[in-house]
Structures are given as structure tokens and as C-alpha cells.
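Chemist: Structure below; questions to follow.
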Amino acid sequence: MQDLEFTAIVGLICKEDSRFDRKAYTLVREALDHTVKELRRKSPERAGKSQHITGGELLHGIRSYALEQYGPLTKTVLNLWGVTRCADFGDIVFNLIEYNIFSKTENDRREDFSDIYDFDEAFVQPFAPARPRRARGPLGTA
């Protein structure tokens with residue numbers, strides 16, 4: 001799909017459903033491409049077959065891709081775009097399905113995107129210190 005067409009359709013979606021920033025739709029689209037490539041790389045038997053992936057596979061791909069792109073700011077960026085939980089990604093995906101940008105099988109449901117991971121665990125914890133620092137007194141004394 002041409003970027004101009006995608007951008008125009010996302011503009012229409014955002015007029016109808018203003019919960020999510022346009023950039024969230026672009027992230028999901030890019031993460032889908034990233035996820036399909038990664039799954040094919042890890043499982044060569046998927047090459048040449050349908051590009052369809054499950055909601056869970058896409059969510060894990062979104063997590064991986066978003067962390068690559070935004071690092072420790074991932075959760076902040078997603079929250080600014082209106083995305084605060086996995087189900088929001090499901091809403092974005094199904095908005096794209098309604099406009100024939102993405103496709104689905106008869107088995108795909110919005111619920112496939114519910115509570116797969118917690119945003120703090122997925123996007124904050126990877127950057128948290130391995131162990132908490134102990135408070136030190138004056139001049140480094142314990």
C-alpha cells in the first residue's frame with residue numbers, strides 16, 4: 001500500500017475515532033511488517049505462506065519494535081499517542097481492518113489483544129536497574 005493512501009485512510013479513521021494519534025497507526029503498520037519478517041526469519045517454514053499472524057504475535061512484535069524505536073521512552077510515547085494498554089492496539093488493528101488496510105480471519109477477535117502484557121512490565125522494566133541502590137550516608141558511608 002502506498003504511504004499516501006495509508007495516510008489518507010488513517011486521517012479518516014482519526015476523524016471517526018480520535019482516541020489514538022496517527023503515529024500510533026503508523027507504528028502498528030511498521031511493527032506488523034517487522035513482525036512478519038522476524039517470524040519468517042525465525043521460522044523459515046512460514047516463508048511463502050500467508051502473512052497472517054495472530055493478535056498475540058503482533059502484540060509481541062509491537063513490543064519488540066517499539067522498544068527498538070523508542071527505548072526507555074516507549075511507554076511515554078505510546079501514552080502520548082493514546083495507547084495505554086494492549087487492547088488499544090487491538091482497537092487500532094480493527095480500525096485498520098474496517099478500512100481494508102489489514103485483513104483478518106474468522107478466528108481473529110479484538111479480545112485477542114486483551115491483557116497480553118502489562119505496559120510497565122513490557123516497556124519500563126527492561127530499563128529499570130537490575131537491583132535497587134542502597135541509600136548512602138554522607139561521603140559514601142552506609
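Letters for chains follow the order of the C-alpha cells (A, B, ...), residue numbers begin at 1 for each chain, and ligand numbers begin at 1 in the order shown.
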Residues within 10 Å of Trp81 in chain A, please, as a VMD selection string. Count only C-alpha atoms; anything in the same chain fewer than 5 positions from it doesn't count.

Modeler: chain A and resid 19 to 25 75 to 76

Chemist: Based on the selection just made, write N, CA and C atoms of those residues as a PDB file, in the first residue's frame.

Modeler:
ATOM      1  N   ARG A  19      -9.333   8.697  19.534  1.00  0.00           N
ATOM      2  CA  ARG A  19      -8.610   8.232  20.729  1.00  0.00           C
ATOM      3  C   ARG A  19      -7.104   8.125  20.519  1.00  0.00           C
ATOM      4  N   PHE A  20      -6.698   7.787  19.303  1.00  0.00           N
ATOM      5  CA  PHE A  20      -5.287   7.491  19.062  1.00  0.00           C
ATOM      6  C   PHE A  20      -4.692   8.442  18.030  1.00  0.00           C
ATOM      7  N   ASP A  21      -3.464   8.836  18.264  1.00  0.00           N
ATOM      8  CA  ASP A  21      -2.732   9.681  17.330  1.00  0.00           C
ATOM      9  C   ASP A  21      -2.425   8.895  16.057  1.00  0.00           C
ATOM     10  N   ARG A  22      -2.297   9.612  14.973  1.00  0.00           N
ATOM     11  CA  ARG A  22      -1.953   8.985  13.683  1.00  0.00           C
ATOM     12  C   ARG A  22      -0.671   8.167  13.766  1.00  0.00           C
ATOM     13  N   LYS A  23       0.262   8.646  14.577  1.00  0.00           N
ATOM     14  CA  LYS A  23       1.547   7.962  14.692  1.00  0.00           C
ATOM     15  C   LYS A  23       1.397   6.560  15.276  1.00  0.00           C
ATOM     16  N   ALA A  24       0.375   6.355  16.091  1.00  0.00           N
ATOM     17  CA  ALA A  24       0.135   5.015  16.645  1.00  0.00           C
ATOM     18  C   ALA A  24      -0.233   4.043  15.530  1.00  0.00           C
ATOM     19  N   TYR A  25      -0.990   4.517  14.537  1.00  0.00           N
ATOM     20  CA  TYR A  25      -1.355   3.667  13.401  1.00  0.00           C
ATOM     21  C   TYR A  25      -0.118   3.329  12.568  1.00  0.00           C
ATOM     22  N   LYS A  75       6.999   3.756  26.649  1.00  0.00           N
ATOM     23  CA  LYS A  75       5.698   3.885  27.318  1.00  0.00           C
ATOM     24  C   LYS A  75       5.209   5.332  27.267  1.00  0.00           C
ATOM     25  N   THR A  76       6.098   6.283  27.463  1.00  0.00           N
ATOM     26  CA  THR A  76       5.728   7.697  27.410  1.00  0.00           C
ATOM     27  C   THR A  76       5.199   8.062  26.032  1.00  0.00           C
TER      28      THR A  76
END

Chemist: Residues near Ser64 in chain A, anyone? I mean within 12 Å using only C-alpha atoms, not counting same-chain ones fewer than 3 positions away, as number ranges by chain.

Modeler: A: 27-28, 30-32, 34-35, 38, 57-61, 67-71, 74, 122-123, 126

Chemist: Using DSSP secondary structure from the backbone, list all helix (DSSP H, G or I) positions within range 30-136 of chain A, as an NGL selection string.

Modeler: :A and (30-42 or 44-46 or 55-80 or 86-98 or 110-113 or 119-127)

Chemist: Extract, using only C-alpha atoms, all DNA, RNA and protein residues at most 7 Å from Phe113 in chain A, discarding same-chain residues fewer than 3 positions from it, and format them as a list in words.

Modeler: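 Neighbouring residues, sequence-local ones excluded: Gly55, Gly56, Cys86, Ala87, Phe89, Gly90, Arg110 and Ile116 of chain A.
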
Chemist: Could you turn the residues from that selection into a file that holds C-alpha atoms, as a compact mmCIF listing (two decimals), in the first residue's frame?

Modeler:
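Just written: out.txt:
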# COMPACT_ATOMS: atom_id res chain seq x y z
CA GLY A 55 -3.03 -10.91 17.77
CA GLY A 56 -0.58 -12.23 20.33
CA CYS A 86 -2.76 -3.94 24.81
CA ALA A 87 -6.47 -3.66 23.99
CA PHE A 89 -3.55 -1.92 19.87
CA GLY A 90 -6.47 -4.24 19.15
CA ARG A 110 -10.50 -7.86 19.49
CA ILE A 116 -1.24 -9.98 26.87

Chemist: Under the rule that only C-alpha atoms are counted, which of A:Asp120, A:Leu12, A:Thr7, A:Gln125 is the nearest residue to Glu98 in chain A?

Modeler: A:Leu12

Chemist: Write out as a PDB file with N, CA and C atoms, in the first residue's frame which residues come within 9 Å of Asn95 in chain A when counting only C-alpha atoms, dropping same-chain ones fewer than 6 positions away.

Modeler:
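This is the output file selection-v2.pdb:
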ATOM      1  N   ILE A  13      -9.885   7.612   9.646  1.00  0.00           N
ATOM      2  CA  ILE A  13     -10.101   6.857  10.876  1.00  0.00           C
ATOM      3  C   ILE A  13     -10.036   7.793  12.083  1.00  0.00           C
ATOM      4  N   ASP A  17     -12.582   8.213  15.043  1.00  0.00           N
ATOM      5  CA  ASP A  17     -12.143   7.687  16.336  1.00  0.00           C
ATOM      6  C   ASP A  17     -10.875   8.439  16.726  1.00  0.00           C
ATOM      7  N   ILE A 101      -7.268  -2.024   5.345  1.00  0.00           N
ATOM      8  CA  ILE A 101      -5.811  -1.877   5.346  1.00  0.00           C
ATOM      9  C   ILE A 101      -5.192  -3.189   5.821  1.00  0.00           C
ATOM     10  N   PHE A 102      -5.743  -3.753   6.879  1.00  0.00           N
ATOM     11  CA  PHE A 102      -5.350  -5.064   7.375  1.00  0.00           C
ATOM     12  C   PHE A 102      -6.493  -6.021   7.082  1.00  0.00           C
TER      13      PHE A 102
END

Chemist: Using CA of Glu16 in chain A and CA of Ser114 in chain A as the two end points, give the distance in Å to one decimal.

Modeler: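 Computing the Euclidean distance for CA of Glu16 in chain A and CA of Ser114 in chain A yields 22.4 Å.
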
Chemist: Rounded to one decimal place, report the CA of Asp115 in chain A-CA of Ile62 in chain A distance in Å.

Modeler: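 Between CA of Asp115 in chain A and CA of Ile62 in chain A the gap works out to 14.1 Å.
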
Chemist: Mind giving me the straight-line distance from CA of Tyr65 in chain A to CA of Val83 in chain A in Å, one decimal?

Modeler: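 So the two atoms, CA of Tyr65 in chain A and CA of Val83 in chain A, lie 15.0 Å apart.
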
Chemist: Determine, counting only C-alpha atoms, which protein, DNA and RNA residues have an atom within 12 Å of an atom of range 105-107 of chain A; residues of the same chain fewer than 4 positions away are not included. Present the result as a ChimeraX atom specification.

Modeler: /A:50-55,94,97,111-112

Chemist: Could you write out the selected residues, including N, CA and C atoms, as a PDB file, in the first residue's frame?

Modeler:
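Full text of again.pdb as output:
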ATOM      1  N   SER A  50       0.954 -17.573   3.931  1.00  0.00           N
ATOM      2  CA  SER A  50       0.195 -16.382   4.292  1.00  0.00           C
ATOM      3  C   SER A  50       0.962 -15.539   5.303  1.00  0.00           C
ATOM      4  N   GLN A  51       0.838 -14.242   5.182  1.00  0.00           N
ATOM      5  CA  GLN A  51       1.496 -13.336   6.108  1.00  0.00           C
ATOM      6  C   GLN A  51       0.677 -13.150   7.375  1.00  0.00           C
ATOM      7  N   HIS A  52      -0.444 -13.850   7.484  1.00  0.00           N
ATOM      8  CA  HIS A  52      -1.308 -13.659   8.643  1.00  0.00           C
ATOM      9  C   HIS A  52      -0.600 -14.064   9.923  1.00  0.00           C
ATOM     10  N   ILE A  53      -0.736 -13.211  10.933  1.00  0.00           N
ATOM     11  CA  ILE A  53      -0.196 -13.513  12.255  1.00  0.00           C
ATOM     12  C   ILE A  53      -1.318 -13.318  13.278  1.00  0.00           C
ATOM     13  N   THR A  54      -1.146 -13.905  14.436  1.00  0.00           N
ATOM     14  CA  THR A  54      -2.167 -13.789  15.477  1.00  0.00           C
ATOM     15  C   THR A  54      -2.038 -12.452  16.206  1.00  0.00           C
ATOM     16  N   GLY A  55      -3.072 -12.129  16.955  1.00  0.00           N
ATOM     17  CA  GLY A  55      -3.031 -10.914  17.766  1.00  0.00           C
ATOM     18  C   GLY A  55      -1.885 -10.947  18.758  1.00  0.00           C
ATOM     19  N   PHE A  94      -8.258  -3.256  14.531  1.00  0.00           N
ATOM     20  CA  PHE A  94      -9.607  -3.453  13.992  1.00  0.00           C
ATOM     21  C   PHE A  94     -10.126  -2.211  13.260  1.00  0.00           C
ATOM     22  N   ILE A  97      -8.651  -2.794   9.956  1.00  0.00           N
ATOM     23  CA  ILE A  97      -9.381  -3.872   9.279  1.00  0.00           C
ATOM     24  C   ILE A  97     -10.668  -3.323   8.655  1.00  0.00           C
ATOM     25  N   GLU A 111     -10.629  -9.377  21.348  1.00  0.00           N
ATOM     26  CA  GLU A 111     -10.216  -9.950  22.633  1.00  0.00           C
ATOM     27  C   GLU A 111      -8.829 -10.595  22.563  1.00  0.00           C
ATOM     28  N   ASP A 112      -8.370 -10.906  21.354  1.00  0.00           N
ATOM     29  CA  ASP A 112      -7.032 -11.489  21.200  1.00  0.00           C
ATOM     30  C   ASP A 112      -5.943 -10.528  21.661  1.00  0.00           C
TER      31      ASP A 112
END
